[in-house]
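Note: the block below is coords.txt and it holds compact mmCIF, C-alpha atoms.
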# COMPACT_ATOMS: atom_id res chain seq x y z
CA MET A 1 100.30 108.08 124.89
CA ARG A 2 97.03 109.94 124.74
CA ILE A 3 93.98 108.42 123.11
CA LEU A 4 90.94 110.36 121.94
CA ILE A 5 87.74 108.40 121.34
CA LEU A 6 84.71 110.38 120.21
CA SER A 7 81.52 108.38 120.35
CA MET A 8 78.05 109.25 119.13
CA LEU A 9 76.73 109.55 122.64
CA LEU A 10 79.47 111.96 123.68
CA LEU A 11 78.72 114.12 120.69
CA GLY A 12 74.99 113.95 121.29
CA ALA A 13 74.23 112.39 117.91
CA PRO A 14 70.77 110.86 117.59
CA ALA A 15 70.53 107.10 117.91
CA PHE A 16 68.98 106.81 114.45
CA ALA A 17 71.88 108.60 112.74
CA GLN A 18 73.10 105.51 110.96
CA ALA A 19 69.78 105.18 109.19
CA SER A 20 69.99 108.66 107.65
CA ALA A 21 70.91 109.24 104.02
CA PRO A 22 74.62 109.15 103.10
CA HIS A 23 76.42 112.48 103.01
CA ARG A 24 78.17 113.08 99.69
CA PRO A 25 80.24 116.26 99.37
CA VAL A 26 79.44 118.56 96.47
CA GLY A 27 81.35 117.54 93.35
CA TYR A 28 82.05 113.98 94.49
CA PRO A 29 80.94 111.09 92.23
CA ARG A 30 77.69 109.28 93.03
CA SER A 31 79.72 106.17 93.77
CA TYR A 32 80.89 107.94 96.93
CA ASP A 33 77.52 107.07 98.53
CA ALA A 34 78.63 103.45 98.60
CA LEU A 35 81.90 104.41 100.32
CA VAL A 36 79.98 106.31 103.01
CA ALA A 37 77.68 103.32 103.52
CA ASP A 38 80.66 100.97 103.79
CA ALA A 39 82.30 103.27 106.33
CA ARG A 40 79.15 103.27 108.45
CA ALA A 41 79.04 99.49 108.27
CA GLU A 42 82.65 99.40 109.51
CA GLY A 43 81.62 101.64 112.39
CA GLY A 44 84.77 103.72 112.65
CA LEU A 45 88.54 103.88 112.25
CA ARG A 46 91.75 104.20 114.23
CA VAL A 47 94.28 106.96 113.51
CA TYR A 48 97.92 107.18 114.60
CA GLY A 49 99.05 110.81 114.56
CA ASN A 50 101.44 113.25 116.21
CA ALA A 51 99.31 116.39 116.00
CA ASP A 52 98.21 117.36 119.50
CA THR A 53 94.97 115.76 120.65
CA ALA A 54 93.52 119.14 121.62
CA ALA A 55 94.13 120.47 118.11
CA MET A 56 92.40 117.45 116.59
CA GLN A 57 89.24 117.54 118.68
CA PRO A 58 87.34 120.17 116.63
CA LEU A 59 88.13 118.40 113.36
CA ILE A 60 87.12 114.97 114.64
CA ALA A 61 83.94 116.36 116.14
CA ALA A 62 83.06 117.96 112.78
CA PHE A 63 83.82 114.70 110.95
CA ARG A 64 81.49 112.82 113.29
CA ARG A 65 78.72 115.35 112.75
CA THR A 66 79.18 115.01 108.99
CA TYR A 67 79.30 111.21 109.07
CA PRO A 68 77.23 109.94 112.02
CA GLY A 69 77.96 106.33 112.80
CA VAL A 70 81.67 106.55 111.92
CA ALA A 71 83.61 106.83 115.19
CA VAL A 72 87.24 107.95 115.37
CA ARG A 73 89.90 106.71 117.75
CA TYR A 74 92.92 109.01 117.68
CA ASP A 75 96.21 107.86 119.22
CA ASP A 76 98.56 110.81 119.88
CA LEU A 77 102.08 109.33 119.54
CA GLU A 78 105.63 110.43 118.82
CA SER A 79 106.69 109.99 115.21
CA SER A 80 109.25 107.28 115.96
CA THR A 81 106.66 105.34 117.96
CA ILE A 82 104.23 105.58 115.05
CA TYR A 83 106.82 104.14 112.69
CA ASP A 84 107.77 101.30 115.04
CA ARG A 85 104.14 100.35 115.70
CA VAL A 86 103.13 100.26 112.04
CA VAL A 87 106.05 97.96 111.21
CA ALA A 88 105.57 95.70 114.25
CA GLU A 89 101.81 95.35 113.83
CA ALA A 90 102.13 94.53 110.14
CA ARG A 91 104.70 91.82 110.87
CA GLN A 92 102.55 90.33 113.62
CA GLY A 93 99.30 90.59 111.68
CA ALA A 94 97.88 92.60 114.57
CA ALA A 95 95.09 95.14 114.31
CA GLY A 96 96.50 98.65 114.31
CA ALA A 97 95.94 101.99 112.63
CA ASP A 98 93.77 102.40 109.57
CA LEU A 99 95.26 105.80 108.81
CA VAL A 100 98.71 107.11 109.76
CA TRP A 101 99.42 110.84 109.86
CA SER A 102 102.81 112.19 110.92
CA SER A 103 105.12 115.18 110.57
CA ALA A 104 108.13 112.84 110.12
CA MET A 105 107.90 113.07 106.35
CA ASP A 106 110.91 110.86 105.72
CA LEU A 107 109.66 108.05 107.97
CA GLN A 108 106.25 108.25 106.31
CA ALA A 109 107.92 108.01 102.90
CA LYS A 110 109.86 104.95 104.05
CA LEU A 111 106.70 103.23 105.29
CA ILE A 112 105.02 103.92 101.97
CA ASN A 113 108.04 102.80 99.97
CA ASP A 114 108.38 99.61 102.04
CA GLY A 115 104.83 98.54 101.29
CA TYR A 116 102.91 99.51 104.40
CA ALA A 117 100.43 101.76 102.56
CA GLN A 118 97.63 101.19 100.06
CA GLY A 119 96.73 103.38 97.13
CA TYR A 120 93.70 105.65 97.08
CA LEU A 121 92.80 108.33 94.56
CA SER A 122 91.15 110.99 96.70
CA PRO A 123 88.47 113.16 95.05
CA GLU A 124 90.33 116.08 96.68
CA LYS A 125 93.57 115.44 94.77
CA PRO A 126 92.88 118.05 92.04
CA ALA A 127 92.80 120.76 94.74
CA LEU A 128 96.24 119.84 96.09
CA PRO A 129 99.66 121.03 94.89
CA ALA A 130 101.66 118.44 92.96
CA THR A 131 104.31 118.43 95.69
CA ALA A 132 101.75 117.12 98.19
CA VAL A 133 100.89 113.73 96.64
CA TRP A 134 103.05 110.67 96.05
CA LYS A 135 101.86 107.59 94.16
CA ASN A 136 98.25 108.24 95.32
CA MET A 137 99.39 106.85 98.67
CA GLY A 138 101.10 109.63 100.60
CA TYR A 139 99.15 112.87 100.99
CA GLY A 140 100.66 116.02 102.45
CA VAL A 141 97.85 117.53 104.51
CA THR A 142 99.46 120.68 105.92
CA ALA A 143 101.99 123.34 104.88
CA GLU A 144 103.87 124.25 108.06
CA PRO A 145 106.68 126.84 107.95
CA VAL A 146 109.82 126.30 110.04
CA ALA A 147 110.81 129.24 112.20
CA PHE A 148 113.30 131.07 114.39
CA VAL A 149 111.83 131.73 117.86
CA VAL A 150 113.27 134.70 119.75
CA ASN A 151 113.04 136.01 123.30
CA ARG A 152 111.95 139.64 122.88
CA ARG A 153 113.89 140.91 125.90
CA LEU A 154 117.18 139.20 125.12
CA ILE A 155 117.17 140.06 121.41
CA PRO A 156 115.63 143.50 120.71
CA ALA A 157 113.62 143.98 117.53
CA ALA A 158 116.46 145.79 115.73
CA GLN A 159 118.79 142.81 116.27
CA VAL A 160 116.35 140.03 115.33
CA PRO A 161 117.81 138.06 112.39
CA ARG A 162 115.57 137.92 109.33
CA THR A 163 117.72 135.59 107.22
CA HIS A 164 119.97 132.61 107.84
CA GLU A 165 122.99 134.77 107.01
CA ALA A 166 121.93 137.39 109.56
CA PHE A 167 121.42 134.64 112.14
CA GLU A 168 124.96 133.38 111.60
CA GLN A 169 126.35 136.91 111.83
CA LEU A 170 124.50 137.42 115.12
CA LEU A 171 125.92 134.18 116.52
CA ARG A 172 129.47 135.12 115.55
CA SER A 173 129.33 138.77 116.65
CA ARG A 174 127.69 137.99 120.00
CA ARG A 175 129.10 134.53 120.64
CA ALA A 176 130.10 135.19 124.25
CA ALA A 177 126.70 136.63 125.15
CA LEU A 178 124.83 133.84 123.34
CA THR A 179 126.85 130.91 124.67
CA GLY A 180 124.33 128.58 126.29
CA LYS A 181 121.51 130.74 124.94
CA VAL A 182 120.79 129.02 121.61
CA ALA A 183 118.57 125.96 121.08
CA THR A 184 117.72 123.61 118.26
CA TYR A 185 116.59 120.03 117.76
CA ASP A 186 119.09 117.25 118.21
CA PRO A 187 119.00 115.46 114.84
CA ALA A 188 120.32 112.32 116.51
CA ARG A 189 117.20 112.12 118.70
CA SER A 190 114.58 114.08 116.79
CA ASN A 191 113.24 112.82 113.47
CA VAL A 192 111.85 116.25 112.63
CA GLY A 193 115.16 117.89 113.58
CA TYR A 194 117.05 115.51 111.31
CA LEU A 195 114.61 116.19 108.46
CA TYR A 196 114.90 119.97 108.77
CA LEU A 197 118.69 120.02 109.06
CA THR A 198 119.22 117.72 106.08
CA GLU A 199 116.84 119.95 104.10
CA ASP A 200 118.92 122.99 105.09
CA HIS A 201 122.03 121.28 103.73
CA ALA A 202 120.19 120.43 100.50
CA ILE A 203 119.11 124.05 100.02
CA THR A 204 122.47 125.75 100.59
CA ARG A 205 126.10 124.89 101.25
CA ASP A 206 126.18 127.79 103.70
CA THR A 207 124.43 125.56 106.23
CA ARG A 208 127.76 124.03 107.27
CA SER A 209 129.08 127.44 108.32
CA LEU A 210 125.83 128.21 110.16
CA VAL A 211 125.95 124.91 112.05
CA GLN A 212 129.54 125.66 113.07
CA ALA A 213 128.40 129.03 114.45
CA ILE A 214 125.57 127.35 116.36
CA ALA A 215 127.96 124.74 117.75
CA ALA A 216 130.31 127.46 119.03
CA THR A 217 127.51 128.68 121.34
CA ARG A 218 127.27 125.23 123.00
CA PRO A 219 123.56 124.99 122.22
CA MET A 220 120.74 123.38 124.11
CA LEU A 221 119.71 120.32 122.09
CA SER A 222 116.12 119.15 122.32
CA ARG A 223 114.21 116.09 121.19
CA THR A 224 110.86 117.94 121.04
CA THR A 225 109.51 121.45 120.54
CA GLU A 226 107.97 122.30 123.90
CA PRO A 227 111.19 122.44 125.96
CA MET A 228 112.65 124.94 123.49
CA LEU A 229 109.58 127.18 123.59
CA ASP A 230 109.54 127.02 127.39
CA ALA A 231 113.22 127.95 127.56
CA VAL A 232 112.85 130.87 125.14
CA ALA A 233 109.84 132.22 127.01
CA ALA A 234 111.63 131.97 130.36
CA GLY A 235 114.74 133.70 129.03
CA ARG A 236 117.02 130.72 129.52
CA ILE A 237 117.38 130.67 125.73
CA ALA A 238 117.60 133.75 123.50
CA ILE A 239 116.86 132.13 120.15
CA ALA A 240 115.75 128.70 118.94
CA TYR A 241 116.47 127.51 115.42
CA ASN A 242 114.31 125.42 113.06
CA VAL A 243 111.24 125.21 115.30
CA VAL A 244 107.90 123.79 114.07
CA GLY A 245 106.12 127.01 113.07
CA PRO A 246 102.51 126.22 114.07
CA TYR A 247 103.54 125.22 117.60
CA ALA A 248 105.56 128.43 117.94
CA LEU A 249 102.73 130.59 116.59
CA THR A 250 100.21 128.99 118.94
CA ARG A 251 102.50 129.70 121.89
CA ALA A 252 103.21 133.28 120.77
CA LEU A 253 99.49 134.09 120.70
CA ARG A 254 99.32 133.63 124.47
CA ASP A 255 102.89 134.48 125.44
CA PRO A 256 104.14 137.99 124.52
CA ARG A 257 107.69 137.11 125.59
CA ILE A 258 108.42 135.30 122.35
CA ARG A 259 108.62 136.38 118.71
CA VAL A 260 108.29 134.04 115.73
CA VAL A 261 110.36 134.80 112.63
CA PHE A 262 110.14 133.12 109.23
CA PRO A 263 113.48 133.78 107.48
CA ARG A 264 113.17 135.85 104.33
CA ASP A 265 115.91 134.16 102.30
CA TYR A 266 114.10 130.85 102.56
CA THR A 267 111.65 129.16 104.90
CA ILE A 268 111.30 125.40 104.88
CA ILE A 269 107.68 124.31 104.48
CA ALA A 270 107.05 120.88 105.98
CA SER A 271 103.90 118.78 105.79
CA ARG A 272 102.18 116.15 107.89
CA VAL A 273 101.87 113.17 105.57
CA ALA A 274 98.91 110.81 105.77
CA PHE A 275 98.38 107.38 104.26
CA ILE A 276 95.96 104.47 104.59
CA THR A 277 97.66 101.37 105.90
CA ARG A 278 98.01 98.33 103.69
CA ASP A 279 96.15 96.05 106.12
CA ALA A 280 93.57 98.57 107.33
CA ARG A 281 90.63 96.81 109.03
CA HIS A 282 88.44 99.81 108.18
CA PRO A 283 89.58 101.00 104.75
CA ALA A 284 86.34 102.77 103.79
CA ALA A 285 86.29 104.78 107.01
CA ALA A 286 89.98 105.60 106.52
CA ARG A 287 89.29 106.92 103.02
CA LEU A 288 86.41 108.98 104.33
CA PHE A 289 88.58 110.53 107.04
CA LEU A 290 91.48 111.22 104.65
CA ASP A 291 89.12 113.00 102.26
CA PHE A 292 87.79 115.08 105.15
CA LEU A 293 91.33 116.06 106.16
CA LEU A 294 91.97 117.22 102.60
CA SER A 295 88.61 118.93 102.07
CA ARG A 296 88.09 122.69 102.38
CA SER A 297 86.08 122.09 105.56
CA GLY A 298 88.77 119.96 107.16
CA GLN A 299 91.59 122.25 106.07
CA THR A 300 89.75 125.27 107.46
CA LEU A 301 89.38 123.57 110.84
CA LEU A 302 93.06 122.62 110.85
CA ALA A 303 94.03 126.21 110.00
CA ARG A 304 92.22 127.44 113.11
CA GLN A 305 94.62 125.28 115.13
CA TRP A 306 97.61 126.71 113.22
CA LEU A 307 97.99 123.43 111.33
CA LEU A 308 98.24 125.50 108.18
CA PRO A 309 96.49 124.11 105.08
CA VAL A 310 98.18 122.69 102.03
CA ARG A 311 95.29 123.83 99.85
CA GLY A 312 95.57 127.23 98.25
CA ASP A 313 91.81 127.92 98.36
CA VAL A 314 91.60 128.01 102.17
CA ARG A 315 92.18 131.31 103.96
CA ALA A 316 95.28 131.22 106.13
CA PRO A 317 98.50 133.21 106.71
CA ARG A 318 100.94 132.46 103.90
CA LEU A 319 104.48 133.33 102.95
CA SER A 320 105.43 134.50 99.46
CA SER A 321 106.15 131.80 96.90
CA GLU A 322 109.74 133.10 96.64
CA GLN A 323 110.24 132.60 100.37
CA GLN A 324 108.81 129.09 100.57
CA ARG A 325 110.89 125.94 100.16
CA PRO A 326 108.34 123.12 100.40
CA ILE A 327 109.60 119.64 101.14
CA ARG A 328 108.14 117.52 98.38
CA VAL A 329 106.30 114.34 99.35
CA GLY A 330 108.20 111.72 97.43
CA PRO A 331 111.11 109.31 97.08
CA GLN A 332 113.82 111.96 97.62
CA LEU A 333 112.86 111.84 101.32
CA LEU A 334 114.39 108.36 101.45
CA VAL A 335 117.89 109.56 100.59
CA ASN A 336 118.82 110.74 104.06
CA LEU A 337 117.41 107.59 105.67
CA ASP A 338 120.10 105.49 104.05
CA THR A 339 121.92 103.93 106.99
CA ILE A 340 125.43 104.86 105.85
CA LYS A 341 124.43 108.40 104.85
CA ARG A 342 122.63 108.97 108.15
CA ARG A 343 125.59 107.63 110.13
CA ARG A 344 127.98 109.94 108.29
CA PHE A 345 125.70 112.94 108.68
CA LEU A 346 125.32 112.45 112.41
CA ALA A 347 129.05 111.77 112.86
CA ASP A 348 129.75 115.09 111.15
CA TRP A 349 127.16 116.77 113.40
CA ARG A 350 128.77 115.40 116.55
CA ALA A 351 132.25 116.37 115.36
CA THR A 352 131.04 119.93 114.70
CA LEU A 353 129.50 120.10 118.19
CA ALA A 354 132.71 118.82 119.76
CA GLU A 355 134.78 121.38 117.86
CA GLY A 356 132.37 124.10 118.93
CA ALA A 357 132.67 123.08 122.56
CA ARG A 358 136.45 123.60 122.32
CA THR A 359 136.04 127.08 120.84
CA ARG A 360 137.10 129.87 123.20
Would you write out, as structure tokens, the structure that this file holds?
Amino acid sequence: MRILILSMLLLGAPAFAQASAPHRPVGYPRSYDALVADARAEGGLRVYGNADTAAMQPLIAAFRRTYPGVAVRYDDLESSTIYDRVVAEARQGAAGADLVWSSAMDLQAKLINDGYAQGYLSPEKPALPATAVWKNMGYGVTAEPVAFVVNRRLIPAAQVPRTHEAFEQLLRSRRAALTGKVATYDPARSNVGYLYLTEDHAITRDTRSLVQAIAATRPMLSRTTEPMLDAVAAGRIAIAYNVVGPYALTRALRDPRIRVVFPRDYTIIASRVAFITRDARHPAAARLFLDFLLSRSGQTLLARQWLLPVRGDVRAPRLSSEQQRPIRVGPQLLVNLDTIKRRRFLADWRATLAEGARTR
């Protein structure tokens, strides 16, 4: 676990900052001054998130400059750890996170549905797409495309698949050469991998055939993104499937060995969902920070770290609307968390892998 604590002294804020006038963003109601004052009285908030600490530093520093006197403690955790902590701390009545922000959209939806969140009508809601808000509790903060990642040497530009169908054709036509050279998340160990693969199945029935083709290559299965990117860059893997796009793009900027492809037939768009916890010790500060995440300023700072914005009025690389398949923040995310459904899905996954391993 990595913890980021930004204090006033570290940021060089003046000691009299708390006495300055409240900062109210343009267009916010006058009542927001009271929220800012309450947040300053609380002194700060604690955030559980799974965005990299380094990516969060510029945003948190900007938040602290905007709202002196409101410190931020950021705990960088895996999505499953976030879920387990929120549940355990609520049961024990222990102090924990005030705001929870995770890419495991389905686990976030479950926490909200199970009563671990509180409602808040953000002044930024009118600027967000309808798919990004659920019950004024869960807010999708980013719009992150899911990608293929290719080793440029092992798969020349002319052979790079641009659709899911082309990817399957490549796997079948070059199965011998690609055996041991394909990677993807293991949905049994990766919450994000499970989310993406179940979304693939919901989008098209052709996913079953694609998964069978992947299985026949005896793929590398990963719990997290970094090992896949490392393997593609090193040439141990030729192509990785369903990779978190922003992480891949960040790596590609400094590593010319890899190419990032967003499939043209459809590209899943995932979001990091944030909510304020039901028992937040610092609810005003949590609301302030959530609004900053959703504001144009916050979204612009996130975009610079390739945490692409959900807002349409912030400049950032975007796919066409026809290409995008956004995962809606809402109750449908709970479907695949049903214990029996999940067990069946993963049993089918393992059976497909086993059959693929027997393929000659």
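For the choices A:Leu154, A:Leu333, A:Leu45, A:Val260, the atom-to-atom distance to A:Phe63 is smallest for A:Leu45 when using only C-alpha atoms.
Considering the residues A:Ala55, A:Leu197, A:Ile112, A:Leu121 and counting all atoms listed in the file, A:Thr250 has its shortest atom-to-atom contact with A:Ala55.
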Got a sec: who's within 12 Å of A:Pro326, counting all atoms listed in the file, leaving out chain neighbours fewer than 5 positions off, as an MDAnalysis selection string? chainID A and resid 105 129:132 140 142:146 196 199:200 203 266:272 310 319:321
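What separates atom CA of A:Ile276 from atom CA of A:Met137 is a distance of 7.2 Å.
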Between A:Leu99, A:Ala357, A:Val72, A:Ala94, which has the minimum distance to A:Pro283 (counting only C-alpha atoms)? A:Leu99
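Of the residues listed (A:Thr198, A:Ser31, A:Arg175, A:Ala347), A:Thr198 shows the shortest atom-to-atom separation from A:Leu334; distances use only C-alpha atoms.
Among the candidates A:Thr224, A:Gln169, A:Asn113, A:Thr300, the residue lying nearest to A:Tyr194 is A:Thr224 (atoms considered: only C-alpha atoms).
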Take the point (91.6, 109.7, 118.7) as written in the file and pick out every residue within 12 Å of it, counting only C-alpha atoms; give the list as a PyMOL selection string. chain A and resi 1-7+44-61+64+71-77+97-101
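Among the candidate residues A:Arg311, A:Arg343, A:His282, A:Arg30, the one lying nearest to A:Val133 is A:Arg311, with distances computed using only C-alpha atoms.
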In Å, how far is it from atom CA of A:Gly235 to atom CA of A:Arg153? 7.9 Å
Got a sec: who's within 12 Å of A:Arg358, counting only C-alpha atoms, leaving out chain neighbours fewer than 2 positions off, as a PDB file with C-alpha atoms, in the frame of the given file?
ATOM      1  CA  GLN A 212     129.540 125.660 113.070  1.00  0.00           C
ATOM      2  CA  ALA A 215     127.960 124.740 117.750  1.00  0.00           C
ATOM      3  CA  ALA A 216     130.310 127.460 119.030  1.00  0.00           C
ATOM      4  CA  THR A 217     127.510 128.680 121.340  1.00  0.00           C
ATOM      5  CA  ARG A 218     127.270 125.230 123.000  1.00  0.00           C
ATOM      6  CA  ALA A 351     132.250 116.370 115.360  1.00  0.00           C
ATOM      7  CA  THR A 352     131.040 119.930 114.700  1.00  0.00           C
ATOM      8  CA  LEU A 353     129.500 120.100 118.190  1.00  0.00           C
ATOM      9  CA  ALA A 354     132.710 118.820 119.760  1.00  0.00           C
ATOM     10  CA  GLU A 355     134.780 121.380 117.860  1.00  0.00           C
ATOM     11  CA  GLY A 356     132.370 124.100 118.930  1.00  0.00           C
ATOM     12  CA  ARG A 360     137.100 129.870 123.200  1.00  0.00           C
TER      13      ARG A 360
END
Residues at most 9 Å from A:Gln118, counting only C-alpha atoms, excluding those fewer than 3 positions away in the same chain, as an MDAnalysis selection string? chainID A and resid 112 115 136:137 275:280
I'd like the neighbourhood of A:Glu42 as a PyMOL selection string, where a residue qualifies if any of its atoms comes within 10 Å (using only C-alpha atoms), though same-chain residues fewer than 5 positions away should be ignored. chain A and resi 36-37+69-71+281-285
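With atom CA of A:Ala177 on one side and atom CA of A:Ser209 on the other, the separation reads 19.3 Å.
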Tell me which residues come within 8 Å of (86.6, 123.1, 99.4), as a PyMOL selection string, counting only C-alpha atoms in the file's coordinates. chain A and resi 295-297+313-314
